[in-house]
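One structure is given below, encoded as structure tokens.
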Amino acid sequence: MSGRLLVVDDDPDAIEVVARLLQREGFEVHRAESHSDALFQVISADPAFDGVLALFGAGGPDAAVRFTEAIRTHADSSIAGTRIVAVGYHGDSQVELWASGVDGFVFRPPHEHDLLREVEAALAIAEDAREAHRSSELEAARSTSA
């Protein structure tokens with residue numbers, strides 16, 4: 001698979017590990033080390049990114065939720081529709097991330113094949129199926145975290 005991805009994390013070493021993995025699979029990878037830098041890059045990207053992989057290790061799920069909500073509420077629909085895969089923890093963070101509008105979720109620590117599978121699935125899902133996919137995943141996350 002190929003495409004333009006933005007990898008965002010507050011840990012530059014984590015970004016490099018994930019970037020190398022994605023590049024090996026044929027992706028063009030851009031990097032951001034903060035929520036604000038990632039948001040700026042998504043807004044100003046030309047051509048647009050095919051997706052964003054949000055890790056936010058030290059910032060935790062709150063950072064990924066804030067980032068996703070900033071994207072989803074953007075006035076420009078092409079930016080608001082950016083596909084986002086988040087890496088997070090079991091339980092509440094998974095529910096919060098699906099509720100904020102992510103297109104994919106991988107448990108921390110991410111395993112290589114899970115990360116690739118989720119990124120590829122998020123990029124491949126049909127536009128008109130995204131909302132139903134999110135709703136289904138949110139319900140599943142709620143049922144397993146209860």
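By convention in this document, the chains of the structure tokens carry letters A, B, ... by their order, each chain's residues are numbered from 1, and ligands are numbered from 1 in the order they are shown.
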
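Residues lying within 12 Å of Pro110 in chain A, counting only C-alpha atoms and ignoring same-chain neighbours fewer than 2 positions away, are Ala14, Val17, Val18, Leu21, Leu53, Ala54, Leu55, Gly57, Val85, Ala86, Val87, Gly88, Tyr89, His90, Phe105, Val106, Phe107, Arg108, Glu112, His113, Asp114, Leu115, Leu116, Arg117, Glu118 and Val119 of chain A.
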
Give me, as a PDB file with N, CA, C and O atoms, in the first residue's frame, all polymer residues having an atom no more than 9 Å from Arg72 in chain A, counting only C-alpha atoms and skipping those fewer than 5 positions away in the same chain.
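Final output, selection-v5.pdb:
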```pdb
ATOM      1  N   PHE A  67      -6.508  16.425  19.605  1.00  0.00           N
ATOM      2  CA  PHE A  67      -6.068  16.544  18.221  1.00  0.00           C
ATOM      3  C   PHE A  67      -7.191  16.114  17.272  1.00  0.00           C
ATOM      4  O   PHE A  67      -7.504  16.810  16.313  1.00  0.00           O
ATOM      5  N   SER A  77     -14.064  21.111   5.145  1.00  0.00           N
ATOM      6  CA  SER A  77     -14.490  19.706   5.183  1.00  0.00           C
ATOM      7  C   SER A  77     -13.391  18.745   4.724  1.00  0.00           C
ATOM      8  O   SER A  77     -13.348  17.595   5.167  1.00  0.00           O
ATOM      9  N   ILE A  79     -10.291  19.007   5.474  1.00  0.00           N
ATOM     10  CA  ILE A  79      -9.443  18.826   6.653  1.00  0.00           C
ATOM     11  C   ILE A  79     -10.208  18.021   7.712  1.00  0.00           C
ATOM     12  O   ILE A  79      -9.674  17.081   8.297  1.00  0.00           O
ATOM     13  N   ALA A  80     -11.459  18.362   7.924  1.00  0.00           N
ATOM     14  CA  ALA A  80     -12.283  17.656   8.913  1.00  0.00           C
ATOM     15  C   ALA A  80     -12.423  16.179   8.572  1.00  0.00           C
ATOM     16  O   ALA A  80     -12.614  15.344   9.449  1.00  0.00           O
ATOM     17  N   GLY A  81     -12.295  15.835   7.297  1.00  0.00           N
ATOM     18  CA  GLY A  81     -12.433  14.451   6.869  1.00  0.00           C
ATOM     19  C   GLY A  81     -11.147  13.656   6.867  1.00  0.00           C
ATOM     20  O   GLY A  81     -11.131  12.504   6.418  1.00  0.00           O
ATOM     21  N   THR A  82     -10.060  14.229   7.371  1.00  0.00           N
ATOM     22  CA  THR A  82      -8.776  13.528   7.422  1.00  0.00           C
ATOM     23  C   THR A  82      -8.916  12.230   8.208  1.00  0.00           C
ATOM     24  O   THR A  82      -9.504  12.205   9.278  1.00  0.00           O
ATOM     25  N   SER A 100     -14.343  10.490  19.708  1.00  0.00           N
ATOM     26  CA  SER A 100     -13.818  11.737  19.132  1.00  0.00           C
ATOM     27  C   SER A 100     -13.762  11.701  17.615  1.00  0.00           C
ATOM     28  O   SER A 100     -13.617  12.732  16.969  1.00  0.00           O
ATOM     29  N   GLY A 101     -13.862  10.488  17.029  1.00  0.00           N
ATOM     30  CA  GLY A 101     -13.929  10.401  15.576  1.00  0.00           C
ATOM     31  C   GLY A 101     -12.748   9.781  14.874  1.00  0.00           C
ATOM     32  O   GLY A 101     -12.558   9.997  13.679  1.00  0.00           O
TER      33      GLY A 101
END
```

I'd like to know which residues of chain A are strand (DSSP E or B) (by DSSP, run on the backbone); could you write them as a PyMOL selection string? chain A and resi 3-8+27-32+51-54+84-88+104-107

Write the residues you've just listed into a file as an mmCIF file, in the first residue's frame, and include N, CA, C and O atoms for each of them.
```cif
data_model
loop_
_atom_site.group_PDB
_atom_site.id
_atom_site.type_symbol
_atom_site.label_atom_id
_atom_site.label_comp_id
_atom_site.auth_asym_id
_atom_site.auth_seq_id
_atom_site.Cartn_x
_atom_site.Cartn_y
_atom_site.Cartn_z
ATOM 1 N N GLY A 3 0.731 5.868 0.209
ATOM 2 C CA GLY A 3 -0.027 7.062 0.551
ATOM 3 C C GLY A 3 0.844 7.995 1.359
ATOM 4 O O GLY A 3 1.952 7.636 1.777
ATOM 5 N N ARG A 4 0.331 9.207 1.586
ATOM 6 C CA ARG A 4 1.033 10.216 2.386
ATOM 7 C C ARG A 4 0.481 10.189 3.803
ATOM 8 O O ARG A 4 -0.708 10.426 4.008
ATOM 9 N N LEU A 5 1.347 9.914 4.763
ATOM 10 C CA LEU A 5 0.921 9.849 6.155
ATOM 11 C C LEU A 5 1.702 10.843 7.006
ATOM 12 O O LEU A 5 2.880 11.087 6.761
ATOM 13 N N LEU A 6 1.028 11.356 8.014
ATOM 14 C CA LEU A 6 1.669 12.168 9.040
ATOM 15 C C LEU A 6 1.688 11.333 10.311
ATOM 16 O O LEU A 6 0.642 10.836 10.748
ATOM 17 N N VAL A 7 2.872 11.148 10.886
ATOM 18 C CA VAL A 7 3.012 10.431 12.150
ATOM 19 C C VAL A 7 3.291 11.470 13.223
ATOM 20 O O VAL A 7 4.234 12.256 13.108
ATOM 21 N N VAL A 8 2.459 11.488 14.260
ATOM 22 C CA VAL A 8 2.614 12.479 15.325
ATOM 23 C C VAL A 8 2.757 11.772 16.668
ATOM 24 O O VAL A 8 2.013 10.865 16.998
ATOM 25 N N PHE A 27 4.848 3.839 2.209
ATOM 26 C CA PHE A 27 4.214 5.109 2.537
ATOM 27 C C PHE A 27 5.237 6.257 2.493
ATOM 28 O O PHE A 27 6.399 6.066 2.840
ATOM 29 N N GLU A 28 4.767 7.416 2.092
ATOM 30 C CA GLU A 28 5.531 8.659 2.232
ATOM 31 C C GLU A 28 5.179 9.195 3.614
ATOM 32 O O GLU A 28 4.006 9.461 3.882
ATOM 33 N N VAL A 29 6.175 9.346 4.481
ATOM 34 C CA VAL A 29 5.908 9.685 5.875
ATOM 35 C C VAL A 29 6.443 11.065 6.220
ATOM 36 O O VAL A 29 7.596 11.398 5.918
ATOM 37 N N HIS A 30 5.587 11.849 6.857
ATOM 38 C CA HIS A 30 5.954 13.151 7.411
ATOM 39 C C HIS A 30 5.839 13.033 8.926
ATOM 40 O O HIS A 30 5.129 12.174 9.432
ATOM 41 N N ARG A 31 6.533 13.912 9.644
ATOM 42 C CA ARG A 31 6.624 13.781 11.091
ATOM 43 C C ARG A 31 6.203 15.069 11.787
ATOM 44 O O ARG A 31 6.473 16.162 11.301
ATOM 45 N N ALA A 32 5.582 14.900 12.964
ATOM 46 C CA ALA A 32 5.236 16.030 13.826
ATOM 47 C C ALA A 32 5.437 15.594 15.268
ATOM 48 O O ALA A 32 5.094 14.473 15.633
ATOM 49 N N GLY A 51 -3.705 10.226 5.571
ATOM 50 C CA GLY A 51 -4.067 9.882 6.937
ATOM 51 C C GLY A 51 -3.042 10.356 7.938
ATOM 52 O O GLY A 51 -1.946 10.789 7.576
ATOM 53 N N VAL A 52 -3.442 10.288 9.207
ATOM 54 C CA VAL A 52 -2.582 10.669 10.318
ATOM 55 C C VAL A 52 -2.552 9.498 11.297
ATOM 56 O O VAL A 52 -3.598 8.924 11.614
ATOM 57 N N LEU A 53 -1.359 9.173 11.772
ATOM 58 C CA LEU A 53 -1.191 8.176 12.814
ATOM 59 C C LEU A 53 -0.801 8.932 14.081
ATOM 60 O O LEU A 53 0.273 9.533 14.139
ATOM 61 N N ALA A 54 -1.696 8.940 15.063
ATOM 62 C CA ALA A 54 -1.510 9.716 16.289
ATOM 63 C C ALA A 54 -1.094 8.792 17.427
ATOM 64 O O ALA A 54 -1.898 7.980 17.887
ATOM 65 N N ILE A 84 -7.812 9.358 10.611
ATOM 66 C CA ILE A 84 -6.925 9.339 11.778
ATOM 67 C C ILE A 84 -6.950 7.951 12.416
ATOM 68 O O ILE A 84 -8.012 7.407 12.687
ATOM 69 N N VAL A 85 -5.759 7.412 12.645
ATOM 70 C CA VAL A 85 -5.600 6.178 13.406
ATOM 71 C C VAL A 85 -4.872 6.555 14.691
ATOM 72 O O VAL A 85 -3.829 7.204 14.646
ATOM 73 N N ALA A 86 -5.432 6.155 15.821
ATOM 74 C CA ALA A 86 -4.837 6.476 17.117
ATOM 75 C C ALA A 86 -4.295 5.220 17.772
ATOM 76 O O ALA A 86 -4.834 4.124 17.602
ATOM 77 N N VAL A 87 -3.237 5.412 18.527
ATOM 78 C CA VAL A 87 -2.668 4.343 19.336
ATOM 79 C C VAL A 87 -2.963 4.708 20.784
ATOM 80 O O VAL A 87 -2.681 5.818 21.225
ATOM 81 N N GLY A 88 -3.587 3.781 21.510
ATOM 82 C CA GLY A 88 -3.975 4.086 22.886
ATOM 83 C C GLY A 88 -4.051 2.847 23.749
ATOM 84 O O GLY A 88 -3.584 1.773 23.375
ATOM 85 N N GLY A 104 -9.466 4.512 13.125
ATOM 86 C CA GLY A 104 -8.826 3.266 13.482
ATOM 87 C C GLY A 104 -8.176 3.400 14.844
ATOM 88 O O GLY A 104 -7.880 4.509 15.294
ATOM 89 N N PHE A 105 -7.968 2.277 15.490
ATOM 90 C CA PHE A 105 -7.404 2.269 16.837
ATOM 91 C C PHE A 105 -6.512 1.052 16.994
ATOM 92 O O PHE A 105 -6.884 -0.060 16.594
ATOM 93 N N VAL A 106 -5.339 1.254 17.583
ATOM 94 C CA VAL A 106 -4.395 0.178 17.856
ATOM 95 C C VAL A 106 -4.005 0.277 19.325
ATOM 96 O O VAL A 106 -3.722 1.364 19.825
ATOM 97 N N PHE A 107 -3.997 -0.869 20.010
ATOM 98 C CA PHE A 107 -3.609 -0.875 21.417
ATOM 99 C C PHE A 107 -2.116 -0.656 21.576
ATOM 100 O O PHE A 107 -1.323 -1.106 20.767
#
```

Members of chain A assigned alpha helix (DSSP H) by DSSP, as a PyMOL selection string: chain A and resi 12-24+35-44+60-72+77-80+92-100+112-124+130-145

Determine the nearest neighbour of Arg142 in chain A from the options A:Asp76, A:Glu96, A:Glu16, A:Asp46, counting only C-alpha atoms. A:Glu96

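Checking A:Pro12, A:Arg83, A:Arg24, A:Arg66 one by one against Ser36 in chain A, counting only C-alpha atoms, you find the shortest gap at A:Arg66.
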
At what distance in Å, to one decimal, does CA of Asp50 in chain A lie from CA of Leu123 in chain A? 7.0 Å

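The coordinates place CA of Glu25 in chain A at 28.7 Å from CA of Ala141 in chain A.
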